[in-house]
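> Sharing structure_2.pdb, PDB, C-alpha atoms (C1' of nucleotides):
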```pdb
ATOM      1  CA  MET A   1      -1.802  -7.317   4.917
ATOM      2  CA  LEU A   2       1.814  -8.335   4.997
ATOM      3  CA  SER A   3       3.928  -6.827   2.232
ATOM      4  CA  ARG A   4       5.946  -9.115   0.038
ATOM      5  CA  LYS A   5       9.029  -7.436   1.373
ATOM      6  CA  THR A   6       8.340  -8.648   4.888
ATOM      7  CA  LYS A   7       7.226 -12.056   3.770
ATOM      8  CA  TYR A   8      10.348 -12.509   1.649
ATOM      9  CA  GLY A   9      12.540 -11.223   4.423
ATOM     10  CA  LEU A  10      11.107 -13.704   6.884
ATOM     11  CA  LYS A  11      11.499 -16.540   4.430
ATOM     12  CA  ALA A  12      15.094 -15.595   3.744
ATOM     13  CA  LEU A  13      15.936 -15.384   7.440
ATOM     14  CA  SER A  14      14.190 -18.676   7.933
ATOM     15  CA  TYR A  15      16.322 -20.179   5.185
ATOM     16  CA  LEU A  16      19.495 -18.891   6.807
ATOM     17  CA  ALA A  17      18.405 -20.237  10.177
ATOM     18  CA  ARG A  18      17.808 -23.692   8.724
ATOM     19  CA  GLU A  19      21.185 -23.544   7.019
ATOM     20  CA  GLY A  20      22.903 -23.501  10.391
ATOM     21  CA  GLY A  21      25.094 -20.481   9.725
ATOM     22  CA  GLU A  22      28.403 -22.196   9.055
ATOM     23  CA  LYS A  23      29.092 -20.481   5.758
ATOM     24  CA  PRO A  24      27.724 -17.333   4.085
ATOM     25  CA  VAL A  25      24.829 -18.050   1.729
ATOM     26  CA  GLN A  26      24.581 -16.176  -1.548
ATOM     27  CA  ILE A  27      21.543 -14.120  -2.487
ATOM     28  CA  SER A  28      21.106 -16.142  -5.640
ATOM     29  CA  VAL A  29      20.844 -19.375  -3.665
ATOM     30  CA  ILE A  30      18.156 -18.034  -1.375
ATOM     31  CA  SER A  31      16.261 -16.348  -4.170
ATOM     32  CA  GLU A  32      16.084 -19.582  -6.133
ATOM     33  CA  ALA A  33      15.172 -21.721  -3.168
ATOM     34  CA  GLU A  34      12.391 -19.404  -2.068
ATOM     35  CA  ASN A  35      11.214 -18.138  -5.471
ATOM     36  CA  ILE A  36      12.042 -14.533  -4.816
ATOM     37  CA  SER A  37      13.233 -11.987  -7.360
ATOM     38  CA  GLN A  38      16.968 -11.749  -6.811
ATOM     39  CA  LYS A  39      17.282  -7.993  -7.082
ATOM     40  CA  PHE A  40      14.359  -7.425  -4.742
ATOM     41  CA  LEU A  41      15.767  -9.857  -2.212
ATOM     42  CA  GLU A  42      19.099  -8.076  -2.466
ATOM     43  CA  SER A  43      17.581  -4.845  -1.188
ATOM     44  CA  ILE A  44      15.743  -6.651   1.589
ATOM     45  CA  LEU A  45      18.835  -8.432   2.855
ATOM     46  CA  LEU A  46      20.736  -5.183   2.665
ATOM     47  CA  SER A  47      18.336  -3.489   5.037
ATOM     48  CA  LEU A  48      18.418  -6.467   7.379
ATOM     49  CA  ARG A  49      22.171  -6.167   7.420
ATOM     50  CA  LYS A  50      22.071  -2.448   8.120
ATOM     51  CA  THR A  51      19.816  -3.049  11.099
ATOM     52  CA  GLY A  52      22.072  -5.636  12.624
ATOM     53  CA  PHE A  53      20.309  -8.891  11.873
ATOM     54  CA  LEU A  54      22.665 -10.110   9.195
ATOM     55  CA  GLY A  55      26.350 -10.095   8.470
ATOM     56  CA  SER A  56      27.744 -10.270   4.977
ATOM     57  CA  LYS A  57      30.874 -11.059   3.105
ATOM     58  CA  LYS A  58      31.758  -9.787  -0.335
ATOM     59  CA  GLY A  59      33.463 -11.516  -3.229
ATOM     60  CA  LYS A  60      33.770 -15.155  -4.140
ATOM     61  CA  GLY A  61      32.401 -17.436  -1.455
ATOM     62  CA  GLY A  62      30.651 -14.442   0.045
ATOM     63  CA  GLY A  63      27.050 -14.064   1.047
ATOM     64  CA  TYR A  64      24.865 -13.459   4.066
ATOM     65  CA  TYR A  65      24.737 -15.084   7.482
ATOM     66  CA  LEU A  66      22.867 -14.622  10.737
ATOM     67  CA  LEU A  67      24.614 -12.532  13.374
ATOM     68  CA  LYS A  68      22.628 -13.996  16.253
ATOM     69  CA  ASN A  69      21.226 -17.358  17.163
ATOM     70  CA  PRO A  70      17.778 -17.961  15.709
ATOM     71  CA  GLU A  71      16.200 -18.044  19.175
ATOM     72  CA  GLU A  72      17.462 -14.522  19.766
ATOM     73  CA  ILE A  73      15.561 -13.125  16.817
ATOM     74  CA  PRO A  74      11.884 -12.571  17.575
ATOM     75  CA  ILE A  75       9.652 -12.157  14.558
ATOM     76  CA  ALA A  76       8.333  -8.901  16.000
ATOM     77  CA  ALA A  77      11.734  -7.268  15.587
ATOM     78  CA  VAL A  78      12.033  -8.287  11.956
ATOM     79  CA  TYR A  79       8.458  -7.221  11.318
ATOM     80  CA  ARG A  80       9.099  -3.740  12.662
ATOM     81  CA  ILE A  81      12.132  -3.286  10.436
ATOM     82  CA  LEU A  82      10.577  -4.483   7.211
ATOM     83  CA  GLU A  83       6.882  -3.743   7.651
ATOM     84  CA  GLY A  84       6.756  -1.008  10.239
ATOM     85  CA  PRO A  85       4.181  -0.801  13.029
ATOM     86  CA  ILE A  86       2.521  -3.948  14.294
ATOM     87  CA  ALA A  87      -0.493  -1.994  15.492
ATOM     88  CA  MET A  88      -3.378  -1.490  13.104
ATOM     89  CA  VAL A  89      -3.687   2.218  13.859
ATOM     90  CA  PRO A  90      -0.805   4.592  14.577
ATOM     91  CA  CYS A  91      -2.464   5.878  17.757
ATOM     92  CA  VAL A  92      -2.060   2.411  19.244
ATOM     93  CA  SER A  93       1.486   1.754  18.170
ATOM     94  CA  LEU A  94       4.173   1.377  20.816
ATOM     95  CA  ASN A  95       7.116   1.996  18.508
ATOM     96  CA  PHE A  96       5.581   4.203  15.839
ATOM     97  CA  TYR A  97       3.008   6.219  17.769
ATOM     98  CA  GLU A  98       1.164   9.029  16.030
ATOM     99  CA  LYS A  99      -1.876  10.937  17.130
ATOM    100  CA  CYS A 100      -4.938  10.621  14.904
ATOM    101  CA  ASP A 101      -5.953  13.934  13.402
ATOM    102  CA  ASP A 102      -9.628  13.084  13.644
ATOM    103  CA  CYS A 103      -9.752  12.029  17.300
ATOM    104  CA  PRO A 104      -9.934  14.744  19.955
ATOM    105  CA  ASP A 105      -9.435  12.162  22.723
ATOM    106  CA  GLU A 106      -8.191   8.726  21.827
ATOM    107  CA  HIS A 107      -9.217   7.242  25.166
ATOM    108  CA  GLN A 108     -12.825   7.821  24.229
ATOM    109  CA  CYS A 109     -12.433   6.254  20.812
ATOM    110  CA  SER A 110     -13.933   2.791  20.524
ATOM    111  CA  VAL A 111     -11.748   1.897  17.578
ATOM    112  CA  HIS A 112      -8.702   2.771  19.632
ATOM    113  CA  ARG A 113      -9.691   0.514  22.497
ATOM    114  CA  LEU A 114     -10.440  -2.374  20.184
ATOM    115  CA  MET A 115      -7.150  -2.022  18.383
ATOM    116  CA  VAL A 116      -5.236  -2.035  21.649
ATOM    117  CA  GLN A 117      -6.631  -5.500  22.241
ATOM    118  CA  VAL A 118      -5.701  -6.676  18.769
ATOM    119  CA  ARG A 119      -2.223  -5.241  19.114
ATOM    120  CA  ASP A 120      -1.613  -6.929  22.457
ATOM    121  CA  ASN A 121      -2.630 -10.288  21.089
ATOM    122  CA  THR A 122      -0.653 -10.031  17.888
ATOM    123  CA  LEU A 123       2.328  -8.708  19.772
ATOM    124  CA  SER A 124       2.409 -11.586  22.216
ATOM    125  CA  ILE A 125       2.575 -14.004  19.309
ATOM    126  CA  LEU A 126       5.203 -12.111  17.332
ATOM    127  CA  GLU A 127       7.398 -11.455  20.351
ATOM    128  CA  ASN A 128       7.272 -15.025  21.552
ATOM    129  CA  THR A 129       7.953 -16.594  18.188
ATOM    130  CA  THR A 130      11.554 -16.584  17.034
ATOM    131  CA  LEU A 131      13.428 -17.828  14.009
ATOM    132  CA  ARG A 132      14.141 -20.907  16.065
ATOM    133  CA  ASP A 133      10.475 -21.855  15.889
ATOM    134  CA  PHE A 134      10.656 -21.600  12.120
ATOM    135  CA  VAL A 135      13.448 -24.137  12.032
ATOM    136  CA  ALA A 136      11.992 -26.491  14.613
ATOM    137  CA  GLU A 137       8.744 -26.809  12.738
ATOM    138  CA  ASN A 138      10.300 -28.541   9.771
TER     139      ASN A 138
ATOM    140  CA  MET B   1      -2.628  -1.011   9.014
ATOM    141  CA  LEU B   2      -6.283  -0.129   9.062
ATOM    142  CA  SER B   3      -7.340   2.118   6.188
ATOM    143  CA  ARG B   4      -9.104   5.352   6.963
ATOM    144  CA  LYS B   5     -12.098   3.984   5.157
ATOM    145  CA  THR B   6     -12.528   1.178   7.683
ATOM    146  CA  LYS B   7     -11.759   3.365  10.642
ATOM    147  CA  TYR B   8     -14.266   5.990   9.526
ATOM    148  CA  GLY B   9     -16.842   3.315   8.802
ATOM    149  CA  LEU B  10     -16.499   1.874  12.278
ATOM    150  CA  LYS B  11     -16.722   5.292  13.861
ATOM    151  CA  ALA B  12     -19.829   6.119  11.883
ATOM    152  CA  LEU B  13     -21.520   2.849  12.803
ATOM    153  CA  SER B  14     -20.506   3.439  16.363
ATOM    154  CA  TYR B  15     -22.103   6.871  16.233
ATOM    155  CA  LEU B  16     -25.340   5.412  14.868
ATOM    156  CA  ALA B  17     -25.354   2.726  17.542
ATOM    157  CA  ARG B  18     -24.992   5.320  20.284
ATOM    158  CA  GLU B  19     -27.762   7.356  18.727
ATOM    159  CA  GLY B  20     -30.227   4.590  19.434
ATOM    160  CA  GLY B  21     -31.641   4.342  15.932
ATOM    161  CA  GLU B  22     -34.928   6.162  16.399
ATOM    162  CA  LYS B  23     -34.498   8.569  13.521
ATOM    163  CA  PRO B  24     -32.250   8.597  10.439
ATOM    164  CA  VAL B  25     -29.030  10.517  10.949
ATOM    165  CA  GLN B  26     -27.665  12.668   8.148
ATOM    166  CA  ILE B  27     -24.200  12.188   6.732
ATOM    167  CA  SER B  28     -23.340  15.780   7.532
ATOM    168  CA  VAL B  29     -24.111  15.264  11.199
ATOM    169  CA  ILE B  30     -21.893  12.208  11.486
ATOM    170  CA  SER B  31     -19.113  13.754   9.443
ATOM    171  CA  GLU B  32     -18.997  16.787  11.694
ATOM    172  CA  ALA B  33     -19.206  14.845  14.917
ATOM    173  CA  GLU B  34     -16.453  12.447  13.900
ATOM    174  CA  ASN B  35     -14.281  14.807  11.830
ATOM    175  CA  ILE B  36     -14.618  12.903   8.610
ATOM    176  CA  SER B  37     -14.705  14.385   5.096
ATOM    177  CA  GLN B  38     -18.367  14.390   4.174
ATOM    178  CA  LYS B  39     -17.970  13.171   0.616
ATOM    179  CA  PHE B  40     -15.682  10.371   1.658
ATOM    180  CA  LEU B  41     -18.045   9.288   4.406
ATOM    181  CA  GLU B  42     -20.862   9.345   1.892
ATOM    182  CA  SER B  43     -19.209   6.643  -0.184
ATOM    183  CA  ILE B  44     -18.439   4.570   2.894
ATOM    184  CA  LEU B  45     -21.998   4.653   4.182
ATOM    185  CA  LEU B  46     -23.224   3.825   0.718
ATOM    186  CA  SER B  47     -21.252   0.616   0.624
ATOM    187  CA  LEU B  48     -22.400  -0.288   4.123
ATOM    188  CA  ARG B  49     -25.950   0.172   2.949
ATOM    189  CA  LYS B  50     -25.425  -1.979  -0.118
ATOM    190  CA  THR B  51     -24.108  -4.775   2.043
ATOM    191  CA  GLY B  52     -27.072  -4.731   4.364
ATOM    192  CA  PHE B  53     -25.726  -3.035   7.457
ATOM    193  CA  LEU B  54     -27.509   0.251   7.019
ATOM    194  CA  GLY B  55     -30.848   1.501   5.807
ATOM    195  CA  SER B  56     -31.323   4.963   4.366
ATOM    196  CA  LYS B  57     -33.996   7.472   3.640
ATOM    197  CA  LYS B  58     -33.759  10.199   1.047
ATOM    198  CA  GLY B  59     -34.988  13.779   1.177
ATOM    199  CA  LYS B  60     -35.702  16.095   4.057
ATOM    200  CA  GLY B  61     -35.403  14.377   7.388
ATOM    201  CA  GLY B  62     -33.575  11.558   5.663
ATOM    202  CA  GLY B  63     -30.291   9.908   6.578
ATOM    203  CA  TYR B  64     -28.882   6.566   7.657
ATOM    204  CA  TYR B  65     -29.887   4.134  10.370
ATOM    205  CA  LEU B  66     -28.824   0.710  11.574
ATOM    206  CA  LEU B  67     -30.799  -2.221  10.197
ATOM    207  CA  LYS B  68     -29.853  -4.550  13.028
ATOM    208  CA  ASN B  69     -29.277  -4.255  16.729
ATOM    209  CA  PRO B  70     -25.723  -3.285  17.616
ATOM    210  CA  GLU B  71     -25.110  -6.636  19.319
ATOM    211  CA  GLU B  72     -25.876  -8.375  16.042
ATOM    212  CA  ILE B  73     -23.100  -6.575  14.186
ATOM    213  CA  PRO B  74     -19.679  -8.095  14.866
ATOM    214  CA  ILE B  75     -16.733  -5.908  13.957
ATOM    215  CA  ALA B  76     -15.304  -8.719  11.867
ATOM    216  CA  ALA B  77     -18.188  -8.437   9.402
ATOM    217  CA  VAL B  78     -17.731  -4.713   8.961
ATOM    218  CA  TYR B  79     -13.993  -5.155   8.643
ATOM    219  CA  ARG B  80     -14.371  -7.655   5.828
ATOM    220  CA  ILE B  81     -16.650  -5.345   3.884
ATOM    221  CA  LEU B  82     -14.556  -2.212   4.196
ATOM    222  CA  GLU B  83     -11.021  -3.512   4.592
ATOM    223  CA  GLY B  84     -11.093  -6.969   3.059
ATOM    224  CA  PRO B  85      -9.288  -9.972   4.515
ATOM    225  CA  ILE B  86      -8.518 -10.117   8.209
ATOM    226  CA  ALA B  87      -5.606 -12.465   7.600
ATOM    227  CA  MET B  88      -2.170 -10.988   6.973
ATOM    228  CA  VAL B  89      -1.453 -13.201   3.991
ATOM    229  CA  PRO B  90      -4.008 -14.327   1.410
ATOM    230  CA  CYS B  91      -2.996 -17.972   1.790
ATOM    231  CA  VAL B  92      -4.309 -17.862   5.351
ATOM    232  CA  SER B  93      -7.557 -16.061   4.695
ATOM    233  CA  LEU B  94     -10.829 -17.866   5.314
ATOM    234  CA  ASN B  95     -12.978 -15.557   3.224
ATOM    235  CA  PHE B  96     -10.506 -14.278   0.660
ATOM    236  CA  TYR B  97      -8.181 -17.225   0.162
ATOM    237  CA  GLU B  98      -5.536 -17.089  -2.549
ATOM    238  CA  LYS B  99      -2.581 -19.322  -3.136
ATOM    239  CA  CYS B 100       0.838 -17.700  -2.892
ATOM    240  CA  ASP B 101       2.697 -17.828  -6.167
ATOM    241  CA  ASP B 102       6.024 -18.303  -4.432
ATOM    242  CA  CYS B 103       5.085 -21.203  -2.145
ATOM    243  CA  PRO B 104       5.039 -24.706  -3.589
ATOM    244  CA  ASP B 105       3.454 -26.089  -0.415
ATOM    245  CA  GLU B 106       1.953 -23.720   2.088
ATOM    246  CA  HIS B 107       1.864 -26.306   4.843
ATOM    247  CA  GLN B 108       5.641 -26.292   4.861
ATOM    248  CA  CYS B 109       5.841 -22.497   4.983
ATOM    249  CA  SER B 110       6.788 -21.088   8.369
ATOM    250  CA  VAL B 111       5.271 -17.725   7.589
ATOM    251  CA  HIS B 112       1.994 -19.423   6.784
ATOM    252  CA  ARG B 113       1.881 -21.268  10.084
ATOM    253  CA  LEU B 114       2.692 -18.151  12.053
ATOM    254  CA  MET B 115       0.048 -16.129  10.281
ATOM    255  CA  VAL B 116      -2.578 -18.768  10.989
ATOM    256  CA  GLN B 117      -1.953 -18.150  14.673
ATOM    257  CA  VAL B 118      -2.192 -14.396  14.279
ATOM    258  CA  ARG B 119      -5.372 -14.712  12.251
ATOM    259  CA  ASP B 120      -7.049 -16.967  14.817
ATOM    260  CA  ASN B 121      -6.293 -14.550  17.610
ATOM    261  CA  THR B 122      -7.365 -11.440  15.757
ATOM    262  CA  LEU B 123     -10.450 -13.183  14.507
ATOM    263  CA  SER B 124     -11.597 -14.219  17.945
ATOM    264  CA  ILE B 125     -11.440 -10.608  19.046
ATOM    265  CA  LEU B 126     -13.143  -9.150  16.006
ATOM    266  CA  GLU B 127     -15.880 -11.776  15.935
ATOM    267  CA  ASN B 128     -16.650 -11.447  19.612
ATOM    268  CA  THR B 129     -16.729  -7.677  19.672
ATOM    269  CA  THR B 130     -19.885  -6.053  18.360
ATOM    270  CA  LEU B 131     -21.121  -2.508  17.948
ATOM    271  CA  ARG B 132     -22.836  -3.025  21.281
ATOM    272  CA  ASP B 133     -19.442  -3.074  22.980
ATOM    273  CA  PHE B 134     -18.637   0.247  21.352
ATOM    274  CA  VAL B 135     -21.683   1.793  22.947
ATOM    275  CA  ALA B 136     -21.307   0.189  26.341
ATOM    276  CA  GLU B 137     -17.778   1.462  26.735
ATOM    277  CA  ASN B 138     -18.797   5.082  26.836
TER     278      ASN B 138
ATOM    279  C1'  DG C   1     -41.883  23.212  -7.016
ATOM    280  C1'  DT C   2     -38.368  24.166  -3.928
ATOM    281  C1'  DT C   3     -35.423  22.391  -0.608
ATOM    282  C1'  DT C   4     -33.060  18.714   1.450
ATOM    283  C1'  DA C   5     -31.141  14.717   1.425
ATOM    284  C1'  DT C   6     -29.128  10.285  -0.579
ATOM    285  C1'  DC C   7     -27.439   7.899  -4.921
ATOM    286  C1'  DC C   8     -24.130   7.032  -8.438
ATOM    287  C1'  DT C   9     -20.248   7.340 -11.628
ATOM    288  C1'  DA C  10     -16.131   9.017 -12.787
ATOM    289  C1'  DC C  11     -12.001  11.229 -11.948
ATOM    290  C1'  DT C  12      -7.508  12.666  -9.671
ATOM    291  C1'  DA C  13      -3.454  13.508  -6.733
ATOM    292  C1'  DA C  14      -0.420  11.374  -3.734
ATOM    293  C1'  DA C  15       1.641   7.651  -1.651
ATOM    294  C1'  DT C  16       3.260   3.004  -1.479
ATOM    295  C1'  DC C  17       4.711  -1.297  -3.308
ATOM    296  C1'  DT C  18       7.422  -4.170  -6.172
ATOM    297  C1'  DA C  19      10.493  -4.397  -8.297
ATOM    298  C1'  DT C  20      14.647  -3.213 -12.125
ATOM    299  C1'  DA C  21      19.045  -1.014 -13.913
ATOM    300  C1'  DG C  22      23.592  -0.254 -13.759
ATOM    301  C1'  DG C  23      27.629   0.353 -11.990
ATOM    302  C1'  DA C  24      31.098   0.714  -7.696
ATOM    303  C1'  DA C  25      33.553  -1.721  -4.185
ATOM    304  C1'  DT C  26      35.491  -5.749  -2.297
ATOM    305  C1'  DT C  27      37.299 -10.474  -2.003
ATOM    306  C1'  DA C  28      39.112 -15.058  -3.677
ATOM    307  C1'  DC C  29      41.971 -17.409  -6.457
ATOM    308  C1'  DG C  30      45.260 -18.610  -9.981
TER     309       DG C  30
ATOM    310  C1'  DC D   1      48.745  -8.850 -11.010
ATOM    311  C1'  DG D   2      44.090 -10.019 -13.480
ATOM    312  C1'  DT D   3      39.734 -12.064 -13.638
ATOM    313  C1'  DA D   4      35.560 -13.717 -11.790
ATOM    314  C1'  DA D   5      32.332 -13.589  -8.175
ATOM    315  C1'  DT D   6      29.910 -11.396  -5.024
ATOM    316  C1'  DT D   7      27.797  -7.644  -2.178
ATOM    317  C1'  DC D   8      26.935  -2.477  -2.026
ATOM    318  C1'  DC D   9      24.493   1.562  -3.346
ATOM    319  C1'  DT D  10      21.604   4.952  -5.719
ATOM    320  C1'  DA D  11      18.260   6.029  -8.776
ATOM    321  C1'  DT D  12      14.272   5.159 -11.306
ATOM    322  C1'  DA D  13       9.873   3.316 -13.038
ATOM    323  C1'  DG D  14       5.491   0.984 -13.496
ATOM    324  C1'  DA D  15       1.519  -0.696 -11.101
ATOM    325  C1'  DT D  16      -1.582  -0.528  -7.503
ATOM    326  C1'  DT D  17      -3.953   1.389  -3.659
ATOM    327  C1'  DT D  18      -5.617   5.104  -0.908
ATOM    328  C1'  DA D  19      -8.120   9.061   0.121
ATOM    329  C1'  DG D  20     -10.492  11.801  -1.375
ATOM    330  C1'  DT D  21     -13.300  15.388  -4.975
ATOM    331  C1'  DA D  22     -16.738  16.775  -8.629
ATOM    332  C1'  DG D  23     -21.008  16.994 -10.349
ATOM    333  C1'  DG D  24     -25.186  15.768 -11.351
ATOM    334  C1'  DA D  25     -29.393  12.247 -10.861
ATOM    335  C1'  DT D  26     -32.983  10.744  -7.940
ATOM    336  C1'  DA D  27     -36.241  10.783  -4.324
ATOM    337  C1'  DA D  28     -38.901  12.605  -0.377
ATOM    338  C1'  DA D  29     -40.952  16.348   2.493
ATOM    339  C1'  DC D  30     -43.505  20.224   2.877
TER     340       DC D  30
END
```
The structure given in the file should be rewritten as structure tokens.

Amino acid sequence: MLSRKTKYGLKALSYLAREGGEKPVQISVISEAENISQKFLESILLSLRKTGFLGSKKGKGGGYYLLKNPEEIPIAAVYRILEGPIAMVPCVSLNFYEKCDDCPDEHQCSVHRLMVQVRDNTLSILENTTLRDFVAEN
Amino acid sequence: MLSRKTKYGLKALSYLAREGGEKPVQISVISEAENISQKFLESILLSLRKTGFLGSKKGKGGGYYLLKNPEEIPIAAVYRILEGPIAMVPCVSLNFYEKCDDCPDEHQCSVHRLMVQVRDNTLSILENTTLRDFVAEN
DNA sequence: GTTTATCCTACTAAATCTATAGGAATTACG
DNA sequence: CGTAATTCCTATAGATTTAGTAGGATAAAC
């Protein structure tokens, strides 16, 4: 299940992408447009800024803006920042790998093999979809 | 992320499928073989029994056994019992649908459309994989 | 009637999620 | 300059979920 954090983050980025990126957009504007708690959104945008997806400007007329073109931002990258691993089990994750404590050999684990398949499929969708697709659809 | 509950449940079912189903297998045997806390596994098997996947027998020589052939048990069905929705957002779930409180119209939501894609892909894997595949792989 | 097993309910500790609070820092503008 | 508008940052808190644990009831085998 997707956390609200990730969902809100994607919606906010989507909003910024649709906006075109001419001027910074204030948190309050996005939070109203997308029905997101302003304070919560604030912390989400902050972490997207710290990881290089967003730029910001303080003070009057300030706000957030995209640092890259929408087509350069795959959903997978955003997902990994806000949600974490895309894989359903850590032992199958490419970016957040962890060994399972219950499996002596993960190559003999049927769950492992199944989840590799699921990961590959999900990944191909999330890597090949960018913010640009979010804009184009509307 | 897959909960341990679901992972353990799948491993236990997988164990039973490999066993062939002649005789009931005790919780303690499965829990040792698969490195799962016995008490925790107990509650998992119980809920799989209540939902018609497993039969059980009490007393000496008792234990759990599959009620159907492995090829008749798709992973998707087990997943829904133990984990819940396969979809990443409730508004995209076939079996556990819920409207998002933040979306006025889900058909105009880019996250929704993306997650429909992800769901369809994951679903086709989980519906077309059965316990039989878990056995065959070894 | 003793042993072996599942059955069932309730509880708990820890982690995670979803925020909220409150002020500091920065910028625009008159 | 001074004031208003905005992001920046840290800390905290309440709710929910997860991953078990405890302890006895029930049933079957022998």
> Calculate how many Å separate atom CA of B:Gly62 from atom CA of B:Ser31, rounding to one decimal.
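Calculated distance between atom CA of B:Gly62 and atom CA of B:Ser31 is 15.1 Å.
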> Listing only residues of chain C within 8 Å of chain A, what is the closest atom pair and its distance in Å (to one decimal) for each, using all atoms listed in the file, sorted by chain and residue number ascending, as CSV?

```
residue,atom,partner,partner_atom,distance
C:DC17,C1',A:Ser3,CA,7.9
C:DT18,C1',A:Phe40,CA,7.8
C:DA19,C1',A:Phe40,CA,6.1
C:DT20,C1',A:Lys39,CA,7.4
C:DT26,C1',A:Lys58,CA,5.8
C:DT27,C1',A:Gly59,CA,4.2
C:DA28,C1',A:Lys60,CA,5.4
```
> Could you write out as a PDB file with C-alpha atoms (C1' of nucleotides), keeping the file's coordinate frame the residues of chain D within 6 Å of chain B, counting all atoms listed in the file?

```pdb
ATOM      1  C1'  DA D  27     -36.241  10.783  -4.324  1.00  0.00           C
ATOM      2  C1'  DA D  28     -38.901  12.605  -0.377  1.00  0.00           C
ATOM      3  C1'  DA D  29     -40.952  16.348   2.493  1.00  0.00           C
TER       4       DA D  29
END
```
> Could you tell me which residues of chain B sit within 7 Å of chain A when counting all atoms listed in the file, and give me the result as a PyMOL selection string?
chain B and resi 1-2+34-35+87-89+102+110+118+121-122+125+134
> May I ask for the distance between atom C1' of D:DT12 and atom CA of A:Val25, given in Å to one decimal place?
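Atom-to-atom, atom C1' of D:DT12 and atom CA of A:Val25 are spaced 28.6 Å apart.
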> Translate the PyMOL selection byres ((chain C and resi 9) around 12) into a concrete residue list for this structure, as a VMD selection string.
(chain B and resid 43) or (chain C and resid 7 to 8 10 to 11) or (chain D and resid 22 to 25)
> Quote the spacing between atom CA of B:Gly55 and atom CA of B:Ile27 in Å to one decimal place.
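According to the coordinates, atom CA of B:Gly55 and atom CA of B:Ile27 are separated by 12.6 Å.
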> Quick one: residues within 12 Å of C:DA14, all atoms listed in the file, excluding same-chain residues fewer than 6 positions away - as a PyMOL selection string?
chain D and resi 17-20
